[in-house]
$ cat final37.pdb   # PDB, N, CA and C atoms
ATOM      1  N   ARG A   1     -15.091  42.288 -17.455
ATOM      2  CA  ARG A   1     -15.349  41.531 -18.659
ATOM      3  C   ARG A   1     -14.736  40.137 -18.509
ATOM      4  N   ALA A   2     -15.505  39.121 -18.798
ATOM      5  CA  ALA A   2     -15.048  37.739 -18.687
ATOM      6  C   ALA A   2     -14.249  37.345 -19.926
ATOM      7  N   VAL A   3     -13.214  36.587 -19.693
ATOM      8  CA  VAL A   3     -12.373  36.104 -20.794
ATOM      9  C   VAL A   3     -12.612  34.609 -20.945
ATOM     10  N   TYR A   4     -12.870  34.189 -22.173
ATOM     11  CA  TYR A   4     -13.107  32.776 -22.452
ATOM     12  C   TYR A   4     -11.771  32.035 -22.513
ATOM     13  N   THR A   5     -11.667  30.996 -21.719
ATOM     14  CA  THR A   5     -10.482  30.143 -21.792
ATOM     15  C   THR A   5     -10.950  28.725 -22.095
ATOM     16  N   PRO A   6     -10.525  28.191 -23.217
ATOM     17  CA  PRO A   6     -10.967  26.837 -23.577
ATOM     18  C   PRO A   6     -10.403  25.801 -22.612
ATOM     19  N   LYS A   7     -11.183  24.748 -22.403
ATOM     20  CA  LYS A   7     -10.729  23.671 -21.529
ATOM     21  C   LYS A   7      -9.604  22.909 -22.211
ATOM     22  N   LYS A   8      -8.634  22.547 -21.419
ATOM     23  CA  LYS A   8      -7.554  21.733 -21.961
ATOM     24  C   LYS A   8      -8.041  20.296 -22.048
ATOM     25  N   HIS A   9      -7.679  19.655 -23.132
ATOM     26  CA  HIS A   9      -8.057  18.253 -23.297
ATOM     27  C   HIS A   9      -7.182  17.394 -22.396
ATOM     28  N   THR A  10      -7.822  16.510 -21.684
ATOM     29  CA  THR A  10      -7.053  15.598 -20.850
ATOM     30  C   THR A  10      -6.510  14.481 -21.727
ATOM     31  N   LYS A  11      -5.386  13.946 -21.341
ATOM     32  CA  LYS A  11      -4.770  12.875 -22.117
ATOM     33  C   LYS A  11      -5.520  11.560 -21.940
ATOM     34  N   ARG A  12      -6.216  11.422 -20.842
ATOM     35  CA  ARG A  12      -6.931  10.185 -20.575
ATOM     36  C   ARG A  12      -8.184  10.106 -21.441
ATOM     37  N   ARG A  13      -8.304   9.033 -22.171
ATOM     38  CA  ARG A  13      -9.470   8.836 -23.034
ATOM     39  C   ARG A  13     -10.444   7.892 -22.349
ATOM     40  N   LYS A  14     -11.700   8.196 -22.471
ATOM     41  CA  LYS A  14     -12.714   7.344 -21.868
ATOM     42  C   LYS A  14     -13.036   6.193 -22.814
ATOM     43  N   ILE A  15     -13.405   5.085 -22.226
ATOM     44  CA  ILE A  15     -13.785   3.918 -23.010
ATOM     45  C   ILE A  15     -15.276   4.010 -23.288
ATOM     46  N   HIS A  16     -15.647   3.777 -24.536
ATOM     47  CA  HIS A  16     -17.040   3.879 -24.962
ATOM     48  C   HIS A  16     -17.902   2.902 -24.154
ATOM     49  N   PRO A  17     -19.094   3.322 -23.728
ATOM     50  CA  PRO A  17     -19.963   2.445 -22.926
ATOM     51  C   PRO A  17     -20.270   1.108 -23.604
ATOM     52  N   ALA A  18     -20.425   1.113 -24.917
ATOM     53  CA  ALA A  18     -20.701  -0.141 -25.626
ATOM     54  C   ALA A  18     -19.523  -1.107 -25.504
ATOM     55  N   THR A  19     -18.324  -0.568 -25.502
ATOM     56  CA  THR A  19     -17.134  -1.403 -25.342
ATOM     57  C   THR A  19     -17.160  -2.085 -23.986
ATOM     58  N   ARG A  20     -17.520  -1.345 -22.963
ATOM     59  CA  ARG A  20     -17.608  -1.904 -21.607
ATOM     60  C   ARG A  20     -18.675  -3.005 -21.530
ATOM     61  N   VAL A  21     -19.821  -2.758 -22.163
ATOM     62  CA  VAL A  21     -20.916  -3.735 -22.126
ATOM     63  C   VAL A  21     -20.495  -5.036 -22.791
ATOM     64  N   PHE A  22     -19.916  -4.942 -23.988
ATOM     65  CA  PHE A  22     -19.517  -6.155 -24.695
ATOM     66  C   PHE A  22     -18.369  -6.876 -23.990
ATOM     67  N   GLN A  23     -17.501  -6.126 -23.341
ATOM     68  CA  GLN A  23     -16.431  -6.745 -22.563
ATOM     69  C   GLN A  23     -17.031  -7.526 -21.391
ATOM     70  N   ALA A  24     -17.992  -6.942 -20.716
ATOM     71  CA  ALA A  24     -18.648  -7.614 -19.591
ATOM     72  C   ALA A  24     -19.376  -8.877 -20.050
ATOM     73  N   LEU A  25     -20.070  -8.789 -21.181
ATOM     74  CA  LEU A  25     -20.763  -9.964 -21.719
ATOM     75  C   LEU A  25     -19.777 -11.074 -22.067
ATOM     76  N   ARG A  26     -18.669 -10.711 -22.690
ATOM     77  CA  ARG A  26     -17.654 -11.695 -23.058
ATOM     78  C   ARG A  26     -17.090 -12.374 -21.817
ATOM     79  N   ILE A  27     -16.830 -11.595 -20.779
ATOM     80  CA  ILE A  27     -16.273 -12.141 -19.542
ATOM     81  C   ILE A  27     -17.239 -13.147 -18.917
ATOM     82  N   VAL A  28     -18.528 -12.822 -18.900
ATOM     83  CA  VAL A  28     -19.530 -13.712 -18.303
ATOM     84  C   VAL A  28     -19.738 -14.957 -19.153
ATOM     85  N   ILE A  29     -19.926 -14.783 -20.456
ATOM     86  CA  ILE A  29     -20.218 -15.917 -21.341
ATOM     87  C   ILE A  29     -19.059 -16.910 -21.366
ATOM     88  N   ASN A  30     -17.844 -16.416 -21.441
ATOM     89  CA  ASN A  30     -16.676 -17.294 -21.516
ATOM     90  C   ASN A  30     -16.164 -17.743 -20.152
ATOM     91  N   ASP A  31     -16.810 -17.272 -19.094
ATOM     92  CA  ASP A  31     -16.413 -17.626 -17.726
ATOM     93  C   ASP A  31     -14.931 -17.325 -17.499
ATOM     94  N   GLU A  32     -14.504 -16.164 -17.985
ATOM     95  CA  GLU A  32     -13.089 -15.797 -17.996
ATOM     96  C   GLU A  32     -12.501 -15.600 -16.606
ATOM     97  N   LEU A  33     -13.254 -15.040 -15.694
ATOM     98  CA  LEU A  33     -12.702 -14.773 -14.364
ATOM     99  C   LEU A  33     -12.406 -16.062 -13.603
ATOM    100  N   LYS A  34     -13.295 -17.051 -13.706
ATOM    101  CA  LYS A  34     -13.043 -18.327 -13.033
ATOM    102  C   LYS A  34     -11.849 -19.037 -13.653
ATOM    103  N   SER A  35     -11.753 -18.979 -14.974
ATOM    104  CA  SER A  35     -10.617 -19.609 -15.657
ATOM    105  C   SER A  35      -9.305 -18.951 -15.254
ATOM    106  N   LEU A  36      -9.294 -17.630 -15.214
ATOM    107  CA  LEU A  36      -8.086 -16.901 -14.827
ATOM    108  C   LEU A  36      -7.719 -17.197 -13.377
ATOM    109  N   GLU A  37      -8.713 -17.213 -12.503
ATOM    110  CA  GLU A  37      -8.460 -17.493 -11.092
ATOM    111  C   GLU A  37      -7.887 -18.898 -10.905
ATOM    112  N   TYR A  38      -8.457 -19.872 -11.608
ATOM    113  CA  TYR A  38      -7.961 -21.253 -11.529
ATOM    114  C   TYR A  38      -6.508 -21.323 -11.999
ATOM    115  N   PHE A  39      -6.232 -20.677 -13.131
ATOM    116  CA  PHE A  39      -4.875 -20.670 -13.672
ATOM    117  C   PHE A  39      -3.887 -20.040 -12.693
ATOM    118  N   LEU A  40      -4.227 -18.868 -12.183
ATOM    119  CA  LEU A  40      -3.311 -18.153 -11.294
ATOM    120  C   LEU A  40      -3.064 -18.909  -9.988
ATOM    121  N   ASN A  41      -4.092 -19.570  -9.475
ATOM    122  CA  ASN A  41      -3.936 -20.312  -8.218
ATOM    123  C   ASN A  41      -3.114 -21.588  -8.382
ATOM    124  N   ASN A  42      -3.017 -22.093  -9.621
ATOM    125  CA  ASN A  42      -2.302 -23.346  -9.853
ATOM    126  C   ASN A  42      -1.018 -23.186 -10.658
ATOM    127  N   ALA A  43      -0.746 -22.012 -11.170
ATOM    128  CA  ALA A  43       0.407 -21.800 -12.050
ATOM    129  C   ALA A  43       1.729 -22.067 -11.343
ATOM    130  N   HIS A  44       1.828 -21.711 -10.061
ATOM    131  CA  HIS A  44       3.101 -21.885  -9.350
ATOM    132  C   HIS A  44       3.532 -23.347  -9.278
ATOM    133  N   GLU A  45       2.574 -24.277  -9.378
ATOM    134  CA  GLU A  45       2.905 -25.703  -9.343
ATOM    135  C   GLU A  45       3.659 -26.143 -10.594
ATOM    136  N   PHE A  46       3.448 -25.442 -11.697
ATOM    137  CA  PHE A  46       4.052 -25.823 -12.965
ATOM    138  C   PHE A  46       5.322 -25.036 -13.283
ATOM    139  N   LEU A  47       5.600 -24.017 -12.492
ATOM    140  CA  LEU A  47       6.779 -23.191 -12.732
ATOM    141  C   LEU A  47       7.988 -23.763 -11.999
ATOM    142  N   LEU A  48       9.107 -23.800 -12.689
ATOM    143  CA  LEU A  48      10.360 -24.197 -12.058
ATOM    144  C   LEU A  48      10.928 -23.004 -11.305
ATOM    145  N   SER A  49      11.830 -23.256 -10.391
ATOM    146  CA  SER A  49      12.465 -22.175  -9.648
ATOM    147  C   SER A  49      13.182 -21.239 -10.622
ATOM    148  N   GLY A  50      12.922 -19.952 -10.496
ATOM    149  CA  GLY A  50      13.507 -18.954 -11.396
ATOM    150  C   GLY A  50      12.642 -18.628 -12.599
ATOM    151  N   SER A  51      11.577 -19.412 -12.828
ATOM    152  CA  SER A  51      10.659 -19.129 -13.938
ATOM    153  C   SER A  51       9.832 -17.900 -13.622
ATOM    154  N   ARG A  52       9.377 -17.253 -14.665
ATOM    155  CA  ARG A  52       8.580 -16.042 -14.477
ATOM    156  C   ARG A  52       7.191 -16.207 -15.067
ATOM    157  N   ILE A  53       6.250 -15.545 -14.428
ATOM    158  CA  ILE A  53       4.880 -15.499 -14.933
ATOM    159  C   ILE A  53       4.523 -14.032 -15.136
ATOM    160  N   VAL A  54       3.942 -13.746 -16.299
ATOM    161  CA  VAL A  54       3.554 -12.379 -16.646
ATOM    162  C   VAL A  54       2.080 -12.391 -17.021
ATOM    163  N   VAL A  55       1.319 -11.468 -16.452
ATOM    164  CA  VAL A  55      -0.111 -11.358 -16.735
ATOM    165  C   VAL A  55      -0.389  -9.962 -17.273
ATOM    166  N   ILE A  56      -1.040  -9.912 -18.435
ATOM    167  CA  ILE A  56      -1.503  -8.638 -18.985
ATOM    168  C   ILE A  56      -3.016  -8.632 -18.853
ATOM    169  N   SER A  57      -3.541  -7.669 -18.114
ATOM    170  CA  SER A  57      -4.989  -7.583 -17.904
ATOM    171  C   SER A  57      -5.530  -6.327 -18.584
ATOM    172  N   PHE A  58      -6.777  -6.421 -19.006
ATOM    173  CA  PHE A  58      -7.436  -5.306 -19.674
ATOM    174  C   PHE A  58      -8.663  -4.829 -18.905
ATOM    175  N   HIS A  59      -8.898  -5.403 -17.743
ATOM    176  CA  HIS A  59     -10.076  -5.080 -16.948
ATOM    177  C   HIS A  59      -9.671  -5.099 -15.478
ATOM    178  N   SER A  60     -10.287  -4.246 -14.687
ATOM    179  CA  SER A  60      -9.896  -4.126 -13.278
ATOM    180  C   SER A  60     -10.118  -5.422 -12.500
ATOM    181  N   LEU A  61     -11.143  -6.189 -12.862
ATOM    182  CA  LEU A  61     -11.382  -7.451 -12.162
ATOM    183  C   LEU A  61     -10.266  -8.449 -12.441
ATOM    184  N   GLU A  62      -9.805  -8.487 -13.697
ATOM    185  CA  GLU A  62      -8.690  -9.363 -14.054
ATOM    186  C   GLU A  62      -7.432  -8.938 -13.308
ATOM    187  N   ASP A  63      -7.199  -7.638 -13.254
ATOM    188  CA  ASP A  63      -6.005  -7.122 -12.586
ATOM    189  C   ASP A  63      -6.031  -7.444 -11.097
ATOM    190  N   ARG A  64      -7.179  -7.334 -10.490
ATOM    191  CA  ARG A  64      -7.303  -7.640  -9.059
ATOM    192  C   ARG A  64      -6.993  -9.112  -8.786
ATOM    193  N   LEU A  65      -7.473 -10.009  -9.661
ATOM    194  CA  LEU A  65      -7.176 -11.433  -9.489
ATOM    195  C   LEU A  65      -5.672 -11.690  -9.568
ATOM    196  N   ALA A  66      -5.019 -11.067 -10.541
ATOM    197  CA  ALA A  66      -3.572 -11.248 -10.699
ATOM    198  C   ALA A  66      -2.830 -10.696  -9.482
ATOM    199  N   LYS A  67      -3.219  -9.506  -9.050
ATOM    200  CA  LYS A  67      -2.565  -8.880  -7.898
ATOM    201  C   LYS A  67      -2.710  -9.745  -6.647
ATOM    202  N   ASN A  68      -3.910 -10.227  -6.395
ATOM    203  CA  ASN A  68      -4.153 -11.043  -5.203
ATOM    204  C   ASN A  68      -3.421 -12.382  -5.270
ATOM    205  N   ALA A  69      -3.381 -12.995  -6.455
ATOM    206  CA  ALA A  69      -2.676 -14.273  -6.607
ATOM    207  C   ALA A  69      -1.182 -14.089  -6.381
ATOM    208  N   PHE A  70      -0.618 -13.008  -6.898
ATOM    209  CA  PHE A  70       0.808 -12.747  -6.698
ATOM    210  C   PHE A  70       1.105 -12.460  -5.229
ATOM    211  N   ARG A  71       0.231 -11.722  -4.572
ATOM    212  CA  ARG A  71       0.422 -11.442  -3.138
ATOM    213  C   ARG A  71       0.346 -12.727  -2.317
ATOM    214  N   LYS A  72      -0.613 -13.583  -2.679
ATOM    215  CA  LYS A  72      -0.755 -14.862  -1.980
ATOM    216  C   LYS A  72       0.518 -15.692  -2.154
ATOM    217  N   GLY A  73       1.055 -15.710  -3.375
ATOM    218  CA  GLY A  73       2.300 -16.431  -3.633
ATOM    219  C   GLY A  73       3.470 -15.836  -2.875
ATOM    220  N   LYS A  74       3.474 -14.513  -2.744
ATOM    221  CA  LYS A  74       4.540 -13.840  -1.988
ATOM    222  C   LYS A  74       4.452 -14.210  -0.511
ATOM    223  N   ASN A  75       3.239 -14.231   0.020
ATOM    224  CA  ASN A  75       3.043 -14.544   1.443
ATOM    225  C   ASN A  75       3.412 -15.988   1.774
ATOM    226  N   THR A  76       3.284 -16.889   0.799
ATOM    227  CA  THR A  76       3.643 -18.292   1.028
ATOM    228  C   THR A  76       5.066 -18.582   0.559
ATOM    229  N   SER A  77       5.790 -17.547   0.192
ATOM    230  CA  SER A  77       7.195 -17.634  -0.245
ATOM    231  C   SER A  77       7.396 -18.479  -1.499
ATOM    232  N   THR A  78       6.375 -18.578  -2.352
ATOM    233  CA  THR A  78       6.549 -19.299  -3.614
ATOM    234  C   THR A  78       6.797 -18.345  -4.776
ATOM    235  N   LEU A  79       6.429 -17.073  -4.624
ATOM    236  CA  LEU A  79       6.618 -16.088  -5.687
ATOM    237  C   LEU A  79       7.301 -14.838  -5.156
ATOM    238  N   LYS A  80       8.088 -14.233  -6.008
ATOM    239  CA  LYS A  80       8.685 -12.924  -5.736
ATOM    240  C   LYS A  80       8.071 -11.959  -6.747
ATOM    241  N   ILE A  81       7.404 -10.928  -6.275
ATOM    242  CA  ILE A  81       6.749  -9.970  -7.165
ATOM    243  C   ILE A  81       7.808  -9.085  -7.809
ATOM    244  N   LEU A  82       7.785  -9.011  -9.135
ATOM    245  CA  LEU A  82       8.759  -8.214  -9.878
ATOM    246  C   LEU A  82       8.251  -6.812 -10.192
ATOM    247  N   THR A  83       6.939  -6.633 -10.213
ATOM    248  CA  THR A  83       6.346  -5.319 -10.502
ATOM    249  C   THR A  83       5.480  -4.924  -9.318
ATOM    250  N   LYS A  84       5.961  -4.001  -8.498
ATOM    251  CA  LYS A  84       5.176  -3.577  -7.336
ATOM    252  C   LYS A  84       3.889  -2.904  -7.773
ATOM    253  N   LYS A  85       3.993  -2.082  -8.791
ATOM    254  CA  LYS A  85       2.817  -1.449  -9.398
ATOM    255  C   LYS A  85       2.728  -1.971 -10.824
ATOM    256  N   PRO A  86       1.527  -2.078 -11.381
ATOM    257  CA  PRO A  86       1.428  -2.592 -12.751
ATOM    258  C   PRO A  86       2.066  -1.625 -13.752
ATOM    259  N   LEU A  87       2.668  -2.193 -14.789
ATOM    260  CA  LEU A  87       3.227  -1.375 -15.860
ATOM    261  C   LEU A  87       2.108  -0.997 -16.814
ATOM    262  N   ARG A  88       2.073   0.268 -17.199
ATOM    263  CA  ARG A  88       1.043   0.787 -18.102
ATOM    264  C   ARG A  88       1.706   1.211 -19.406
ATOM    265  N   PRO A  89       0.969   1.218 -20.517
ATOM    266  CA  PRO A  89       1.562   1.659 -21.784
ATOM    267  C   PRO A  89       1.851   3.154 -21.774
ATOM    268  N   LEU A  90       2.900   3.529 -22.488
ATOM    269  CA  LEU A  90       3.242   4.941 -22.634
ATOM    270  C   LEU A  90       2.263   5.614 -23.583
ATOM    271  N   GLU A  91       2.186   6.923 -23.505
ATOM    272  CA  GLU A  91       1.297   7.682 -24.391
ATOM    273  C   GLU A  91       1.651   7.420 -25.854
ATOM    274  N   SER A  92       2.942   7.294 -26.153
ATOM    275  CA  SER A  92       3.370   7.026 -27.534
ATOM    276  C   SER A  92       2.884   5.656 -28.002
ATOM    277  N   GLU A  93       2.870   4.665 -27.102
ATOM    278  CA  GLU A  93       2.359   3.341 -27.449
ATOM    279  C   GLU A  93       0.857   3.388 -27.695
ATOM    280  N   ILE A  94       0.155   4.162 -26.883
ATOM    281  CA  ILE A  94      -1.297   4.278 -27.034
ATOM    282  C   ILE A  94      -1.641   4.933 -28.365
ATOM    283  N   LYS A  95      -0.847   5.917 -28.779
ATOM    284  CA  LYS A  95      -1.088   6.560 -30.074
ATOM    285  C   LYS A  95      -0.922   5.571 -31.219
ATOM    286  N   LYS A  96       0.032   4.651 -31.092
ATOM    287  CA  LYS A  96       0.262   3.640 -32.129
ATOM    288  C   LYS A  96      -0.807   2.553 -32.098
ATOM    289  N   ASN A  97      -1.264   2.203 -30.897
ATOM    290  CA  ASN A  97      -2.228   1.118 -30.733
ATOM    291  C   ASN A  97      -3.214   1.496 -29.635
ATOM    292  N   ILE A  98      -4.347   2.049 -30.011
ATOM    293  CA  ILE A  98      -5.343   2.558 -29.064
ATOM    294  C   ILE A  98      -5.881   1.449 -28.152
ATOM    295  N   ARG A  99      -5.864   0.205 -28.623
ATOM    296  CA  ARG A  99      -6.423  -0.895 -27.837
ATOM    297  C   ARG A  99      -5.612  -1.222 -26.586
ATOM    298  N   CYS A 100      -4.383  -0.760 -26.537
ATOM    299  CA  CYS A 100      -3.545  -1.072 -25.371
ATOM    300  C   CYS A 100      -3.766  -0.103 -24.219
ATOM    301  N   ARG A 101      -4.657   0.859 -24.373
ATOM    302  CA  ARG A 101      -4.784   1.939 -23.391
ATOM    303  C   ARG A 101      -5.158   1.464 -21.993
ATOM    304  N   SER A 102      -5.871   0.367 -21.863
ATOM    305  CA  SER A 102      -6.276  -0.088 -20.531
ATOM    306  C   SER A 102      -5.435  -1.259 -20.025
ATOM    307  N   ALA A 103      -4.404  -1.629 -20.755
ATOM    308  CA  ALA A 103      -3.583  -2.787 -20.379
ATOM    309  C   ALA A 103      -2.738  -2.499 -19.141
ATOM    310  N   LYS A 104      -2.626  -3.526 -18.303
ATOM    311  CA  LYS A 104      -1.757  -3.473 -17.123
ATOM    312  C   LYS A 104      -0.958  -4.769 -17.098
ATOM    313  N   LEU A 105       0.342  -4.643 -16.884
ATOM    314  CA  LEU A 105       1.212  -5.811 -16.863
ATOM    315  C   LEU A 105       1.759  -6.019 -15.459
ATOM    316  N   ARG A 106       1.643  -7.249 -14.973
ATOM    317  CA  ARG A 106       2.207  -7.633 -13.676
ATOM    318  C   ARG A 106       3.080  -8.861 -13.896
ATOM    319  N   ALA A 107       4.180  -8.952 -13.143
ATOM    320  CA  ALA A 107       5.104 -10.073 -13.299
ATOM    321  C   ALA A 107       5.575 -10.566 -11.937
ATOM    322  N   ALA A 108       5.840 -11.877 -11.878
ATOM    323  CA  ALA A 108       6.360 -12.494 -10.659
ATOM    324  C   ALA A 108       7.315 -13.615 -11.048
ATOM    325  N   GLU A 109       8.169 -13.982 -10.114
ATOM    326  CA  GLU A 109       9.160 -15.040 -10.345
ATOM    327  C   GLU A 109       9.012 -16.118  -9.285
ATOM    328  N   ARG A 110       9.090 -17.362  -9.720
ATOM    329  CA  ARG A 110       9.011 -18.507  -8.798
ATOM    330  C   ARG A 110      10.300 -18.584  -7.991
ATOM    331  N   THR A 111      10.173 -18.723  -6.674
ATOM    332  CA  THR A 111      11.364 -18.786  -5.817
ATOM    333  C   THR A 111      11.760 -20.222  -5.530
TER     334      THR A 111
END

$ encode --input "final37.pdb" --output "structure tokens"
Amino acid sequence: RAVYTPKKHTKRRKIHPATRVFQALRIVINDELKSLEYFLNNAHEFLLSGSRIVVISFHSLEDRLAKNAFRKGKNTSTLKILTKKPLRPLESEIKKNIRCRSAKLRAAERT
């Protein structure tokens, strides 16, 4: 005799497809990726030694730009990466503010 065992709910929540579509449209219309890339590639020129730059991204493309810019700065000895892996919100934070669920925080310091 088979016993029914209900599936456990995973803590990870999926993002609604419409949310993804409108996010993609916003990114394209506002030319956000080029603006972010320009900022990240030039930010080290405006930072004094010991200053910190923090980037909060909500999309994997944004996060990749931040990660690559910080690595480039590390390789040229202009930045010291403070977060090896991006910081993610805790489950308790997500319960308080559902919009933060996809946020990733990366930080670096000007050397």

$ resolve_selection --input "final37.pdb" --expression "the PyMOL selection byres ((chain A and resi 82) around 7)" --output "list in words"
Lys80, Ile81, Thr83, Lys84, Lys85, Arg106, Ala107, Ala108 and Glu109 of chain A

$ select_by_dssp --input "final37.pdb" --residues "chain A" --states "strand (DSSP E or B)" --output "JSON, numbers by chain"
{"A": [52, 53, 54, 55, 56, 57, 79, 80, 81, 87, 104, 105, 106, 107, 108, 109, 110]}

$ closest_residue --input "final37.pdb" --among "A:Phe39, A:Leu105, A:Arg99, A:Leu65" --to "A:Thr19" --atoms "only C-alpha atoms"
A:Arg99

$ resolve_selection --input "final37.pdb" --expression "the PyMOL selection byres (((chain A and resi 91 and name CA) around 12) and name CA)" --output "list in words"
Lys11, Arg12, Arg13, Arg88, Pro89, Leu90, Ser92, Glu93, Ile94, Lys95, Lys96, Asn97, Ile98, Cys100, Arg101 and Ser102 of chain A

$ resolve_selection --input "final37.pdb" --expression "the PyMOL selection byres (((chain A and resi 48 and name CA) around 12) and name CA)" --output "ChimeraX atom specification"
/A:43-47,49-53,78-79,109-111

$ write_last_selection --input "final37.pdb" --atoms "N, CA and C atoms" --output "JSON list (two decimals), keeping the file's coordinate frame"
[["chain", "number", "residue", "atom", "x", "y", "z"],
["A", 43, "ALA", "N", -0.75, -22.01, -11.17],
["A", 43, "ALA", "CA", 0.41, -21.80, -12.05],
["A", 43, "ALA", "C", 1.73, -22.07, -11.34],
["A", 44, "HIS", "N", 1.83, -21.71, -10.06],
["A", 44, "HIS", "CA", 3.10, -21.88, -9.35],
["A", 44, "HIS", "C", 3.53, -23.35, -9.28],
["A", 45, "GLU", "N", 2.57, -24.28, -9.38],
["A", 45, "GLU", "CA", 2.90, -25.70, -9.34],
["A", 45, "GLU", "C", 3.66, -26.14, -10.59],
["A", 46, "PHE", "N", 3.45, -25.44, -11.70],
["A", 46, "PHE", "CA", 4.05, -25.82, -12.96],
["A", 46, "PHE", "C", 5.32, -25.04, -13.28],
["A", 47, "LEU", "N", 5.60, -24.02, -12.49],
["A", 47, "LEU", "CA", 6.78, -23.19, -12.73],
["A", 47, "LEU", "C", 7.99, -23.76, -12.00],
["A", 49, "SER", "N", 11.83, -23.26, -10.39],
["A", 49, "SER", "CA", 12.46, -22.18, -9.65],
["A", 49, "SER", "C", 13.18, -21.24, -10.62],
["A", 50, "GLY", "N", 12.92, -19.95, -10.50],
["A", 50, "GLY", "CA", 13.51, -18.95, -11.40],
["A", 50, "GLY", "C", 12.64, -18.63, -12.60],
["A", 51, "SER", "N", 11.58, -19.41, -12.83],
["A", 51, "SER", "CA", 10.66, -19.13, -13.94],
["A", 51, "SER", "C", 9.83, -17.90, -13.62],
["A", 52, "ARG", "N", 9.38, -17.25, -14.66],
["A", 52, "ARG", "CA", 8.58, -16.04, -14.48],
["A", 52, "ARG", "C", 7.19, -16.21, -15.07],
["A", 53, "ILE", "N", 6.25, -15.54, -14.43],
["A", 53, "ILE", "CA", 4.88, -15.50, -14.93],
["A", 53, "ILE", "C", 4.52, -14.03, -15.14],
["A", 78, "THR", "N", 6.38, -18.58, -2.35],
["A", 78, "THR", "CA", 6.55, -19.30, -3.61],
["A", 78, "THR", "C", 6.80, -18.34, -4.78],
["A", 79, "LEU", "N", 6.43, -17.07, -4.62],
["A", 79, "LEU", "CA", 6.62, -16.09, -5.69],
["A", 79, "LEU", "C", 7.30, -14.84, -5.16],
["A", 109, "GLU", "N", 8.17, -13.98, -10.11],
["A", 109, "GLU", "CA", 9.16, -15.04, -10.34],
["A", 109, "GLU", "C", 9.01, -16.12, -9.28],
["A", 110, "ARG", "N", 9.09, -17.36, -9.72],
["A", 110, "ARG", "CA", 9.01, -18.51, -8.80],
["A", 110, "ARG", "C", 10.30, -18.58, -7.99],
["A", 111, "THR", "N", 10.17, -18.72, -6.67],
["A", 111, "THR", "CA", 11.36, -18.79, -5.82],
["A", 111, "THR", "C", 11.76, -20.22, -5.53]]

$ atom_distance --input "final37.pdb" --atom1 "atom CA of A:Lys14" --atom2 "atom CA of A:Glu32"
23.5 Å

$ closest_residue --input "final37.pdb" --among "A:Arg26, A:Lys34, A:Arg20, A:His59" --to "A:Ala103" --atoms "all atoms listed in the file"
A:His59

$ residues_around --input "final37.pdb" --residues "A:Ala66" --least-positions-apart "6" --cutoff "8 Å" --atoms "all atoms listed in the file" --output "number ranges by chain"
A: 36-37, 40, 55, 60, 72, 106

$ atom_distance --input "final37.pdb" --atom1 "atom C of A:Tyr38" --atom2 "atom N of A:Ala69"
10.5 Å

$ atom_distance --input "final37.pdb" --atom1 "atom C of A:Pro17" --atom2 "atom CA of A:Phe58"
14.9 Å

$ closest_residue --input "final37.pdb" --among "A:Ala18, A:Lys104, A:Asn41, A:Val28" --to "A:Ser57" --atoms "only C-alpha atoms"
A:Lys104

$ axis_aligned_box --input "final37.pdb" --around "stretch 38-41 of chain A" --padding-each-side "8 Å" --output "JSON"
{"center_x": -5.8, "center_y": -19.9, "center_z": -10.9, "size_x": 21.4, "size_y": 19.4, "size_z": 21.5}

$ decode --input "final37.pdb" --residues "stretch 24-60 of chain A" --atoms "C-alpha atoms" --output "PDB file, in the first residue's frame"
ATOM      1  CA  ALA A  24      13.985  43.295 -18.894  1.00  0.00           C
ATOM      2  CA  LEU A  25      12.011  46.040 -20.652  1.00  0.00           C
ATOM      3  CA  ARG A  26      13.065  48.595 -18.042  1.00  0.00           C
ATOM      4  CA  ILE A  27      16.716  47.588 -18.394  1.00  0.00           C
ATOM      5  CA  VAL A  28      16.608  47.969 -22.195  1.00  0.00           C
ATOM      6  CA  ILE A  29      14.569  51.191 -22.325  1.00  0.00           C
ATOM      7  CA  ASN A  30      16.652  52.968 -19.684  1.00  0.00           C
ATOM      8  CA  ASP A  31      19.928  51.583 -21.063  1.00  0.00           C
ATOM      9  CA  GLU A  32      20.758  50.547 -17.499  1.00  0.00           C
ATOM     10  CA  LEU A  33      23.517  48.056 -18.255  1.00  0.00           C
ATOM     11  CA  LYS A  34      25.596  50.540 -20.260  1.00  0.00           C
ATOM     12  CA  SER A  35      25.133  53.187 -17.578  1.00  0.00           C
ATOM     13  CA  LEU A  36      26.155  50.771 -14.833  1.00  0.00           C
ATOM     14  CA  GLU A  37      29.156  49.554 -16.821  1.00  0.00           C
ATOM     15  CA  TYR A  38      30.308  53.134 -17.479  1.00  0.00           C
ATOM     16  CA  PHE A  39      29.936  54.010 -13.798  1.00  0.00           C
ATOM     17  CA  LEU A  40      31.780  50.930 -12.554  1.00  0.00           C
ATOM     18  CA  ASN A  41      34.649  51.357 -15.023  1.00  0.00           C
ATOM     19  CA  ASN A  42      35.167  54.994 -13.994  1.00  0.00           C
ATOM     20  CA  ALA A  43      34.243  54.994 -10.293  1.00  0.00           C
ATOM     21  CA  HIS A  44      37.775  54.216  -9.078  1.00  0.00           C
ATOM     22  CA  GLU A  45      38.954  57.552 -10.525  1.00  0.00           C
ATOM     23  CA  PHE A  46      36.667  59.451  -8.157  1.00  0.00           C
ATOM     24  CA  LEU A  47      37.335  57.398  -5.034  1.00  0.00           C
ATOM     25  CA  LEU A  48      39.994  58.469  -2.569  1.00  0.00           C
ATOM     26  CA  SER A  49      42.298  55.885  -1.040  1.00  0.00           C
ATOM     27  CA  GLY A  50      40.345  53.977   1.618  1.00  0.00           C
ATOM     28  CA  SER A  51      36.950  54.892   0.122  1.00  0.00           C
ATOM     29  CA  ARG A  52      34.454  52.130  -0.414  1.00  0.00           C
ATOM     30  CA  ILE A  53      32.064  51.353  -3.221  1.00  0.00           C
ATOM     31  CA  VAL A  54      28.993  49.195  -2.638  1.00  0.00           C
ATOM     32  CA  VAL A  55      26.756  47.835  -5.399  1.00  0.00           C
ATOM     33  CA  ILE A  56      23.354  46.264  -4.795  1.00  0.00           C
ATOM     34  CA  SER A  57      22.130  44.370  -7.852  1.00  0.00           C
ATOM     35  CA  PHE A  58      18.736  42.828  -8.490  1.00  0.00           C
ATOM     36  CA  HIS A  59      19.527  41.036 -11.748  1.00  0.00           C
ATOM     37  CA  SER A  60      22.237  38.562 -12.720  1.00  0.00           C
TER      38      SER A  60
END
